[in-house]
$ cat run.tsv   # TSV, C-alpha atoms
chain	number	residue	atom	x	y	z
A	248	MET	CA	41.97	-14.82	-71.25
A	249	THR	CA	39.80	-12.06	-69.83
A	250	ARG	CA	41.79	-9.45	-67.95
A	251	ILE	CA	40.19	-8.57	-64.60
A	252	ARG	CA	40.22	-4.81	-64.03
A	253	ARG	CA	39.07	-4.76	-60.44
A	254	ALA	CA	38.49	-7.63	-58.07
A	255	PRO	CA	35.02	-7.26	-56.54
A	256	THR	CA	33.93	-7.45	-52.94
A	257	LEU	CA	31.75	-10.51	-52.48
A	258	VAL	CA	29.53	-11.56	-49.57
A	259	ILE	CA	28.76	-15.27	-49.30
A	260	ALA	CA	25.88	-16.00	-46.91
A	261	PRO	CA	24.15	-19.35	-47.54
A	262	ASP	CA	22.15	-21.61	-45.26
A	263	SER	CA	23.19	-25.23	-44.88
A	264	PHE	CA	22.37	-27.80	-47.55
A	265	LYS	CA	20.54	-30.16	-45.22
A	266	GLY	CA	21.68	-33.76	-45.45
A	267	SER	CA	24.80	-32.68	-47.29
A	268	LEU	CA	26.89	-29.70	-46.12
A	269	ASP	CA	26.73	-27.28	-43.22
A	270	ALA	CA	26.66	-23.55	-43.96
A	271	PRO	CA	30.40	-22.96	-43.38
A	272	ALA	CA	31.23	-25.77	-45.84
A	273	VAL	CA	28.77	-24.40	-48.42
A	274	SER	CA	30.32	-20.95	-48.01
A	275	ALA	CA	33.84	-22.30	-48.45
A	276	ALA	CA	32.91	-24.19	-51.63
A	277	ILE	CA	31.30	-21.12	-53.19
A	278	ALA	CA	34.31	-19.03	-52.23
A	279	ARG	CA	36.65	-21.49	-53.98
A	280	GLY	CA	34.67	-21.18	-57.19
A	281	MET	CA	34.63	-17.39	-57.02
A	282	ALA	CA	38.37	-17.27	-56.35
A	283	ARG	CA	39.06	-19.07	-59.64
A	284	VAL	CA	37.71	-16.00	-61.41
A	285	TRP	CA	38.86	-13.33	-58.97
A	286	PRO	CA	41.92	-14.61	-57.04
A	287	ASN	CA	42.27	-11.25	-55.28
A	288	ALA	CA	38.61	-10.70	-54.47
A	289	ASP	CA	37.58	-9.46	-51.05
A	290	ILE	CA	35.41	-12.40	-50.00
A	291	ARG	CA	33.36	-11.94	-46.84
A	292	ILE	CA	31.83	-15.16	-45.50
A	293	CYS	CA	28.71	-15.07	-43.31
A	294	PRO	CA	27.27	-18.61	-42.91
A	295	MET	CA	23.53	-18.43	-42.21
A	296	ALA	CA	20.77	-20.41	-40.51
A	297	ASP	CA	17.17	-19.82	-39.44
A	298	GLY	CA	17.00	-21.62	-36.11
A	299	GLY	CA	16.99	-25.17	-37.45
A	300	GLU	CA	19.73	-27.64	-38.23
A	301	GLY	CA	23.04	-25.83	-38.73
A	302	THR	CA	22.25	-22.84	-36.51
A	303	LEU	CA	24.93	-23.76	-34.00
A	304	ASP	CA	27.59	-24.16	-36.70
A	305	ALA	CA	26.65	-20.84	-38.31
A	306	VAL	CA	26.76	-18.89	-35.05
A	307	LEU	CA	29.99	-20.44	-33.81
A	308	SER	CA	31.72	-19.96	-37.16
A	309	SER	CA	31.19	-16.22	-36.86
A	310	GLY	CA	33.48	-16.01	-33.85
A	311	THR	CA	31.26	-13.31	-32.34
A	312	GLY	CA	28.13	-12.93	-30.31
A	313	PRO	CA	25.84	-10.28	-28.83
A	314	GLY	CA	27.51	-7.23	-27.34
A	315	GLN	CA	31.23	-7.17	-26.65
A	316	GLN	CA	32.54	-10.65	-27.15
A	317	ALA	CA	35.63	-12.47	-26.01
A	318	GLY	CA	34.93	-15.42	-28.29
A	319	THR	CA	32.86	-18.52	-28.85
A	320	ALA	CA	33.18	-22.09	-27.68
A	321	ARG	CA	31.58	-25.40	-28.60
A	322	ARG	CA	30.68	-27.68	-25.72
A	323	SER	CA	28.85	-30.99	-25.31
A	324	CYS	CA	26.51	-32.39	-22.70
A	325	THR	CA	24.99	-35.86	-22.31
A	326	VAL	CA	21.20	-35.65	-22.27
A	327	THR	CA	18.13	-37.74	-23.08
A	328	GLY	CA	17.32	-38.01	-26.77
A	329	ALA	CA	13.84	-37.96	-28.23
A	330	GLY	CA	13.41	-41.72	-27.88
A	331	GLY	CA	14.77	-41.97	-24.34
A	332	ALA	CA	18.36	-43.06	-25.04
A	333	ARG	CA	21.24	-41.00	-23.65
A	334	LYS	CA	23.25	-39.06	-26.22
A	335	GLY	CA	25.80	-36.30	-26.53
A	336	ALA	CA	24.45	-32.95	-27.67
A	337	ALA	CA	26.55	-30.02	-28.81
A	338	TYR	CA	25.81	-26.47	-27.74
A	339	GLY	CA	27.63	-23.17	-27.89
A	340	LEU	CA	28.71	-20.46	-25.50
A	341	LEU	CA	29.11	-16.87	-26.62
A	342	SER	CA	31.31	-15.01	-24.19
A	343	ALA	CA	30.65	-11.42	-23.16
A	344	LEU	CA	31.84	-9.10	-20.43
A	345	ASP	CA	28.49	-9.36	-18.65
A	346	GLY	CA	28.19	-13.14	-18.89
A	347	PRO	CA	27.80	-15.92	-21.44
A	348	THR	CA	24.93	-16.68	-23.81
A	349	ALA	CA	24.19	-20.33	-24.48
A	350	VAL	CA	23.19	-21.34	-28.02
A	351	ILE	CA	21.07	-24.48	-28.08
A	352	GLU	CA	20.02	-26.17	-31.31
A	353	THR	CA	17.00	-28.35	-30.61
A	354	ALA	CA	17.88	-30.53	-33.60
A	355	GLN	CA	21.08	-31.54	-31.80
A	356	ILE	CA	18.97	-33.15	-29.07
A	357	VAL	CA	15.69	-34.28	-30.64
A	358	GLY	CA	16.44	-33.87	-34.33
A	359	ILE	CA	14.36	-35.44	-37.07
A	360	THR	CA	17.59	-36.69	-38.66
A	361	ASP	CA	18.46	-38.72	-35.53
A	362	ALA	CA	17.77	-42.31	-36.57
A	363	ALA	CA	17.67	-43.59	-32.97
A	364	GLY	CA	15.04	-41.08	-31.94
A	365	MET	CA	12.97	-41.54	-35.07
A	366	ALA	CA	12.97	-45.31	-34.55
A	367	VAL	CA	10.76	-44.73	-31.49
A	368	ASP	CA	7.08	-44.04	-32.21
A	369	VAL	CA	6.28	-40.31	-32.10
A	370	ALA	CA	3.75	-40.99	-29.31
A	371	HIS	CA	6.68	-41.93	-27.06
A	372	ARG	CA	9.13	-39.15	-27.93
A	373	SER	CA	9.91	-36.32	-25.55
A	374	THR	CA	11.81	-33.03	-25.32
A	375	ARG	CA	13.17	-33.94	-21.87
A	376	GLY	CA	16.75	-33.61	-23.09
A	377	VAL	CA	16.24	-29.94	-23.96
A	378	GLY	CA	15.22	-29.21	-20.38
A	379	GLU	CA	18.14	-31.26	-19.05
A	380	LEU	CA	20.58	-29.13	-21.02
A	381	VAL	CA	18.94	-25.89	-19.90
A	382	ARG	CA	19.08	-27.06	-16.26
A	383	ALA	CA	22.77	-28.01	-16.57
A	384	LEU	CA	23.54	-24.57	-17.98
A	385	LEU	CA	21.56	-22.89	-15.21
A	386	ASP	CA	23.75	-24.81	-12.75
A	387	ASP	CA	26.79	-23.36	-14.55
A	388	GLY	CA	25.49	-19.83	-14.06
A	389	VAL	CA	24.15	-19.18	-17.56
A	390	ARG	CA	21.16	-16.85	-17.64
A	391	ARG	CA	20.93	-15.96	-21.34
A	392	PHE	CA	19.81	-18.48	-23.93
A	393	MET	CA	19.22	-18.61	-27.66
A	394	ILE	CA	17.27	-21.73	-28.59
A	395	GLY	CA	16.79	-22.74	-32.22
A	396	LEU	CA	13.62	-24.77	-32.75
A	397	GLY	CA	13.81	-26.14	-36.30
A	398	GLY	CA	14.19	-29.76	-37.31
A	399	SER	CA	12.66	-31.49	-34.28
A	400	SER	CA	11.13	-34.97	-34.18
A	401	THR	CA	8.91	-34.41	-31.14
A	402	ASN	CA	5.24	-33.49	-30.69
A	403	ASP	CA	4.92	-33.31	-26.89
A	404	GLY	CA	4.13	-29.61	-26.52
A	405	GLY	CA	7.42	-29.14	-24.71
A	406	ALA	CA	6.13	-31.19	-21.77
A	407	GLY	CA	9.39	-33.11	-21.55
A	408	MET	CA	11.41	-29.91	-21.29
A	409	LEU	CA	9.13	-28.53	-18.59
A	410	ALA	CA	9.23	-31.80	-16.65
A	411	ALA	CA	13.04	-31.74	-16.67
A	412	LEU	CA	12.85	-28.22	-15.26
A	413	GLY	CA	10.62	-29.22	-12.35
A	414	LEU	CA	7.04	-29.17	-13.63
A	415	ARG	CA	5.02	-32.13	-12.31
A	416	LEU	CA	2.42	-33.76	-14.53
A	417	ARG	CA	-0.18	-35.83	-12.64
A	418	ASP	CA	-2.85	-38.36	-13.58
A	419	PRO	CA	-6.25	-38.57	-11.81
A	420	ALA	CA	-4.77	-40.74	-9.04
A	421	GLY	CA	-1.89	-38.32	-8.42
A	422	GLY	CA	0.68	-40.49	-10.16
A	423	GLU	CA	3.35	-38.93	-12.36
A	424	VAL	CA	2.55	-38.76	-16.08
A	425	THR	CA	5.26	-39.50	-18.64
A	426	PRO	CA	5.84	-36.28	-20.66
A	427	THR	CA	5.11	-37.81	-24.06
A	428	PRO	CA	2.04	-37.51	-26.29
A	429	GLN	CA	0.81	-40.88	-25.08
A	430	GLY	CA	1.45	-40.02	-21.42
A	431	LEU	CA	-0.26	-36.64	-21.71
A	432	ALA	CA	-3.49	-38.37	-22.68
A	433	ALA	CA	-3.84	-39.27	-18.98
A	434	LEU	CA	-3.03	-35.78	-17.67
A	435	ALA	CA	-5.40	-34.48	-14.98
A	436	ARG	CA	-3.47	-31.71	-13.25
A	437	VAL	CA	-0.13	-29.91	-13.24
A	438	ASP	CA	1.96	-28.83	-10.25
A	439	ALA	CA	4.12	-25.84	-11.17
A	440	ASP	CA	5.51	-25.20	-7.67
A	441	GLY	CA	8.70	-27.11	-8.47
A	442	LEU	CA	9.42	-25.29	-11.74
A	443	ASP	CA	12.99	-24.01	-11.56
A	444	PRO	CA	12.79	-20.46	-10.13
A	445	ARG	CA	16.02	-19.51	-11.91
A	446	LEU	CA	14.03	-19.35	-15.16
A	447	GLY	CA	12.66	-16.05	-13.90
A	448	GLU	CA	16.20	-14.65	-13.99
A	449	CYS	CA	16.74	-15.65	-17.61
A	450	THR	CA	16.50	-14.00	-20.98
A	451	ILE	CA	15.49	-16.68	-23.47
A	452	THR	CA	15.29	-15.94	-27.18
A	453	ILE	CA	13.56	-18.44	-29.46
A	454	LEU	CA	15.01	-18.73	-32.96
A	455	SER	CA	12.42	-19.98	-35.44
A	456	ASP	CA	10.85	-19.35	-38.83
A	457	VAL	CA	7.50	-20.82	-37.74
A	458	ASP	CA	4.51	-18.74	-36.63
A	459	ASN	CA	1.97	-21.56	-36.12
A	460	PRO	CA	-0.09	-21.71	-32.91
A	461	LEU	CA	0.03	-24.82	-30.75
A	462	CYS	CA	-3.28	-26.38	-31.81
A	463	GLY	CA	-5.92	-26.29	-34.50
A	464	PRO	CA	-5.83	-26.69	-38.29
A	465	HIS	CA	-2.62	-24.67	-38.52
A	466	GLY	CA	-1.12	-25.97	-35.30
A	467	ALA	CA	1.90	-28.10	-34.53
A	468	THR	CA	0.30	-31.49	-35.11
A	469	ALA	CA	-1.76	-30.70	-38.21
A	470	THR	CA	1.10	-28.89	-39.93
A	471	PHE	CA	4.21	-30.78	-38.90
A	472	GLY	CA	2.98	-33.98	-37.27
A	473	PRO	CA	2.84	-36.15	-40.40
A	474	GLN	CA	6.52	-35.60	-41.22
A	475	LYS	CA	7.35	-36.78	-37.70
A	476	GLY	CA	5.27	-39.92	-37.96
A	477	VAL	CA	1.81	-38.86	-36.77
A	478	ARG	CA	-0.72	-40.80	-38.86
A	479	GLU	CA	-3.44	-38.80	-40.58
A	480	ASP	CA	-6.13	-40.63	-38.62
A	481	ALA	CA	-4.37	-39.78	-35.32
A	482	ILE	CA	-3.89	-36.04	-35.87
A	483	ALA	CA	-7.16	-35.08	-34.16
A	484	ALA	CA	-6.37	-37.15	-31.07
A	485	PHE	CA	-2.82	-35.76	-30.78
A	486	ASP	CA	-4.16	-32.23	-31.20
A	487	ALA	CA	-6.89	-32.71	-28.58
A	488	THR	CA	-4.31	-34.03	-26.11
A	489	LEU	CA	-2.08	-30.99	-26.65
A	490	ALA	CA	-5.02	-28.60	-26.29
A	491	ARG	CA	-6.02	-30.14	-22.95
A	492	TYR	CA	-2.41	-30.20	-21.73
A	493	ALA	CA	-2.08	-26.51	-22.68
A	494	ARG	CA	-5.21	-25.46	-20.77
A	495	ILE	CA	-4.15	-27.30	-17.62
A	496	THR	CA	-0.54	-26.11	-17.79
A	497	GLU	CA	-1.43	-22.48	-18.52
A	498	ALA	CA	-3.72	-22.43	-15.48
A	499	ALA	CA	-0.97	-23.88	-13.27
A	500	VAL	CA	1.76	-21.51	-14.50
A	501	GLY	CA	-0.48	-18.45	-14.70
A	502	ARG	CA	0.40	-17.49	-18.26
A	503	GLU	CA	-1.24	-18.13	-21.63
A	504	ALA	CA	0.80	-19.03	-24.70
A	505	ALA	CA	-1.02	-21.64	-26.80
A	506	THR	CA	-2.34	-19.13	-29.34
A	507	ASN	CA	0.88	-17.12	-29.56
A	508	LEU	CA	2.73	-16.95	-32.87
A	509	GLY	CA	5.34	-19.70	-32.89
A	510	ALA	CA	3.77	-21.75	-30.09
A	511	GLY	CA	3.53	-24.66	-32.52
A	512	ALA	CA	7.23	-24.62	-33.41
A	513	ALA	CA	9.13	-27.86	-32.72
A	514	GLY	CA	5.99	-29.82	-31.91
A	515	GLY	CA	4.91	-27.28	-29.30
A	516	LEU	CA	8.29	-26.64	-27.71
A	517	GLY	CA	7.68	-23.02	-28.69
A	518	PHE	CA	4.60	-23.06	-26.45
A	519	ALA	CA	6.52	-24.41	-23.44
A	520	LEU	CA	9.33	-21.90	-23.84
A	521	GLN	CA	6.94	-18.96	-24.16
A	522	LEU	CA	5.11	-20.26	-21.10
A	523	VAL	CA	8.30	-19.67	-19.07
A	524	GLY	CA	8.91	-16.23	-20.57
A	525	ALA	CA	10.87	-16.83	-23.76
A	526	MET	CA	10.49	-14.32	-26.58
A	527	PRO	CA	10.27	-15.53	-30.21
A	528	ARG	CA	12.30	-13.91	-32.95
A	529	ALA	CA	12.83	-14.74	-36.61
A	530	GLY	CA	15.79	-17.08	-36.47
A	531	ALA	CA	17.43	-15.86	-39.67
A	532	GLU	CA	17.27	-12.24	-38.47
A	533	VAL	CA	19.03	-13.12	-35.22
A	534	VAL	CA	21.71	-15.15	-36.99
A	535	ALA	CA	22.25	-12.36	-39.53
A	536	ASP	CA	22.95	-9.99	-36.66
A	537	LEU	CA	25.28	-12.45	-34.93
A	538	VAL	CA	27.39	-13.11	-38.03
A	539	GLY	CA	27.63	-9.40	-38.85
A	540	LEU	CA	25.85	-9.57	-42.20
A	541	ASP	CA	24.98	-5.87	-42.41
A	542	ALA	CA	28.57	-4.84	-41.77
A	543	ALA	CA	29.80	-7.32	-44.39
A	544	LEU	CA	27.42	-5.84	-46.97
A	545	GLN	CA	28.87	-2.36	-46.61
A	546	GLY	CA	30.78	-1.55	-49.80
A	547	ALA	CA	30.10	-4.99	-51.29
A	548	ASP	CA	29.44	-5.53	-55.00
A	549	TRP	CA	27.51	-8.79	-54.92
A	550	LEU	CA	25.96	-11.31	-52.54
A	551	ILE	CA	25.53	-15.06	-53.01
A	552	THR	CA	23.12	-17.00	-50.82
A	553	GLY	CA	21.39	-20.37	-51.06
A	554	GLU	CA	19.97	-23.44	-49.35
A	555	GLY	CA	19.39	-27.11	-50.05
A	556	ARG	CA	16.15	-26.53	-51.95
A	557	SER	CA	14.43	-23.27	-52.79
A	558	ASP	CA	10.71	-22.87	-53.46
A	559	VAL	CA	7.95	-20.43	-52.54
A	560	GLN	CA	8.48	-21.24	-48.85
A	561	THR	CA	11.89	-19.58	-49.15
A	562	LEU	CA	10.07	-16.26	-49.33
A	563	GLY	CA	8.34	-16.88	-46.01
A	564	GLY	CA	11.29	-15.70	-43.93
A	565	LYS	CA	13.87	-18.39	-44.55
A	566	ALA	CA	17.55	-17.47	-44.45
A	567	PRO	CA	18.08	-16.72	-48.18
A	568	PHE	CA	15.10	-14.36	-48.22
A	569	VAL	CA	16.28	-12.50	-45.11
A	570	VAL	CA	19.78	-12.24	-46.57
A	571	ALA	CA	18.46	-10.97	-49.92
A	572	ARG	CA	16.27	-8.35	-48.27
A	573	ARG	CA	19.19	-7.00	-46.26
A	574	ALA	CA	21.42	-7.04	-49.33
A	575	ARG	CA	18.95	-4.99	-51.38
A	576	ALA	CA	18.59	-2.53	-48.50
A	577	ALA	CA	22.38	-2.06	-48.71
A	578	GLY	CA	22.27	-1.64	-52.48
A	579	VAL	CA	23.84	-5.05	-53.15
A	580	ALA	CA	22.42	-7.47	-55.73
A	581	PRO	CA	21.60	-10.91	-54.22
A	582	THR	CA	21.91	-14.11	-56.27
A	583	LEU	CA	20.53	-17.51	-55.25
A	584	LEU	CA	22.63	-20.68	-55.63
A	585	SER	CA	20.80	-23.67	-54.16
A	586	GLY	CA	20.99	-27.42	-54.39
A	587	ALA	CA	17.65	-27.39	-56.23
A	588	VAL	CA	15.19	-24.71	-57.29
A	589	ASP	CA	11.50	-25.38	-57.85
A	590	PRO	CA	10.79	-24.23	-61.44
A	591	ALA	CA	7.24	-23.24	-60.48
A	592	ALA	CA	8.64	-20.79	-57.93
A	593	LEU	CA	11.00	-18.98	-60.33
A	594	PRO	CA	8.62	-16.07	-61.10
A	595	ASP	CA	8.29	-15.31	-57.37
A	596	LEU	CA	11.94	-15.95	-56.57
A	597	GLY	CA	12.99	-13.80	-59.52
A	598	ARG	CA	11.37	-10.77	-57.92
A	599	VAL	CA	13.76	-11.11	-54.98
A	600	PHE	CA	16.96	-12.57	-56.39
A	601	ALA	CA	19.16	-11.39	-59.27
A	602	GLY	CA	19.33	-14.84	-60.80
A	603	CYS	CA	18.43	-18.26	-59.38
A	604	PHE	CA	20.70	-21.23	-59.99
A	605	ALA	CA	20.71	-24.92	-59.03
A	606	LEU	CA	23.63	-27.34	-58.83
A	607	PRO	CA	23.08	-30.10	-61.41
A	608	ALA	CA	24.54	-29.37	-64.85
A	609	GLY	CA	22.71	-32.37	-66.27
A	610	PRO	CA	20.75	-35.45	-65.23
A	611	MET	CA	21.89	-36.44	-61.76
A	612	THR	CA	20.37	-38.32	-58.83
A	613	LEU	CA	19.89	-36.72	-55.44
A	614	ALA	CA	22.48	-39.10	-53.98
A	615	GLU	CA	25.02	-37.99	-56.60
A	616	CYS	CA	24.30	-34.32	-55.89
A	617	ILE	CA	24.81	-34.85	-52.17
A	618	GLU	CA	28.02	-36.81	-52.68
A	619	ARG	CA	29.49	-34.22	-55.06
A	620	ALA	CA	27.98	-31.13	-53.46
A	621	GLU	CA	31.25	-29.31	-52.74
A	622	THR	CA	32.59	-29.82	-56.26
A	623	LEU	CA	29.28	-28.88	-57.86
A	624	LEU	CA	29.01	-25.75	-55.74
A	625	ALA	CA	32.50	-24.55	-56.61
A	626	ASP	CA	32.00	-25.25	-60.32
A	627	ARG	CA	28.60	-23.57	-60.48
A	628	ALA	CA	29.87	-20.56	-58.51
A	629	GLU	CA	32.77	-20.21	-60.94
A	630	GLN	CA	30.48	-20.18	-63.96
A	631	ILE	CA	28.10	-17.67	-62.39
A	632	ALA	CA	31.09	-15.48	-61.56
A	633	ARG	CA	32.35	-15.64	-65.15
A	634	LEU	CA	28.93	-14.59	-66.42
A	635	TRP	CA	28.80	-11.72	-63.95
A	636	ALA	CA	32.36	-10.63	-64.86
A	637	ALA	CA	31.48	-10.62	-68.55
A	638	ALA	CA	28.41	-8.48	-67.87
A	639	ARG	CA	30.67	-5.96	-66.12
A	640	GLY	CA	32.97	-5.88	-69.15
A	641	GLU	CA	35.87	-7.51	-67.36

$ encode --input "run.tsv" --output "structure tokens"
Amino acid sequence: MTRIRRAPTLVIAPDSFKGSLDAPAVSAAIARGMARVWPNADIRICPMADGGEGTLDAVLSSGTGPGQQAGTARRSCTVTGAGGARKGAAYGLLSALDGPTAVIETAQIVGITDAAGMAVDVAHRSTRGVGELVRALLDDGVRRFMIGLGGSSTNDGGAGMLAALGLRLRDPAGGEVTPTPQGLAALARVDADGLDPRLGECTITILSDVDNPLCGPHGATATFGPQKGVREDAIAAFDATLARYARITEAAVGREAATNLGAGAAGGLGFALQLVGAMPRAGAEVVADLVGLDAALQGADWLITGEGRSDVQTLGGKAPFVVARRARAAGVAPTLLSGAVDPAALPDLGRVFAGCFALPAGPMTLAECIERAETLLADRAEQIARLWAAARGE
């Protein structure tokens, strides 16, 4: 048996494997595999996310938050889901001496993985529940928010959220318009006088890896609408409705946001949030700061990151890319261990990562990979570790 001369310092910082394991569970499985090779290794775990599904788990698992923290807490609130049914939605509170920061994951409220919401036609889905949660937190005295926008099922331009916060959408006769894509088709004017004035006291940070504008060929509907159920022959109509809604709402609020980077995130929820003063940031960068990734990399020998599936889009600012960039800046080699890796992307990925690995050791269905993900992760991590140890002459 190989004698280990010095146990390394390892940083494990993966994103979630969507549909399978959250980031803390992925991290724990990789750590188990590494520990089989180096039982005494200094293993530093930093679960990652980029603003989408799993962001809340990653942030809360860190046990820290911005500034001086007294801790984190998971809470739940009953709100309206995308399809109109009431549901419980988890959120987080990061405690600090100068007040709490709420962490809201849009996917918890109007997520594309929510079967009940997805069962309702996309023309009738709304982000109202997001606004309901923000309003409840405002009532509790919260004035700082971090809102992750990935993984949504809605395409209402954030109209539902704004309506829950006091914006009034009117048809030509003065009647109230339902804040859904179908309802917005009848929009004639917007009354912003009732918009919650406490929003002006807030600091709202948007967490997202999307820089699309609200409308146009690269906008919310054209880019993300089909995966939410917008038919190809309906994209133009949805987009025209959002463009008209944006013009009317911007005039009422007195701020423009439709062409801003990230306005098209979460079916236009990014537009609505920027309209009330939110500032967009790369979600993975914010999460990396919250989980203390840079500090963990100090003195480390190796970093392992990963995600459910890696391809060229990984290099567009997703969590593994952000992690790898920070690792290289700290002089630490980053290796990618994902559920699947697109072979066509290996030349590009290879310029960023010191080795790219996928889970299956042989023919295996997606369902089998998901079911056995923890075991496969631990086993693959062990074998990668043995290879790395041999290369170091251990």

$ closest_residue --input "run.tsv" --among "A:Pro594, A:Gly421, A:Pro428, A:Gly511" --to "Pro464 (chain A)" --atoms "all atoms listed in the file"
A:Gly511

$ residues_around --input "run.tsv" --residues "Ile453 (chain A)" --least-positions-apart "3" --cutoff "7 Å" --atoms "only C-alpha atoms" --output "VMD selection string"
chain A and resid 393 to 395 525 to 528

$ closest_atom_pairs --input "run.tsv" --of "region 283-332 of chain A" --to "region 552-567 of chain A" --cutoff "10 Å" --atoms "only C-alpha atoms" --output "Markdown table"
| residue | atom | partner | partner_atom | distance |
| --- | --- | --- | --- | --- |
| A:Cys293 | CA | A:Thr552 | CA | 9.6 |
| A:Pro294 | CA | A:Thr552 | CA | 9.1 |
| A:Met295 | CA | A:Ala566 | CA | 6.5 |
| A:Ala296 | CA | A:Ala566 | CA | 5.9 |
| A:Asp297 | CA | A:Ala566 | CA | 5.5 |
| A:Gly298 | CA | A:Ala566 | CA | 9.3 |

$ atom_distance --input "run.tsv" --atom1 "CA of Gly299 (chain A)" --atom2 "CA of Ser455 (chain A)"
7.2 Å

$ atom_distance --input "run.tsv" --atom1 "CA of Asp368 (chain A)" --atom2 "CA of Ala332 (chain A)"
13.4 Å

$ atom_distance --input "run.tsv" --atom1 "CA of Val389 (chain A)" --atom2 "CA of Thr348 (chain A)"
6.8 Å

$ residues_near_point --input "run.tsv" --point "(23.6, -38.5, -29.9)" --cutoff "8 Å" --atoms "all atoms listed in the file" --output "JSON, numbers by chain"
{"A": [328, 333, 334, 335, 336, 355, 356, 361]}

$ residues_around --input "run.tsv" --residues "Ala580 (chain A)" --least-positions-apart "2" --cutoff "9 Å" --atoms "only C-alpha atoms" --output "list in words"
Asp548, Trp549, Leu550, Ile551, Ala571, Ala574, Arg575, Ala577, Gly578, Thr582, Phe600 and Ala601 of chain A

$ residues_around --input "run.tsv" --residues "Asn459 (chain A)" --least-positions-apart "5" --cutoff "10 Å" --atoms "only C-alpha atoms" --output "PyMOL selection string"
chain A and resi 464-467+470-471+505-512+515+517
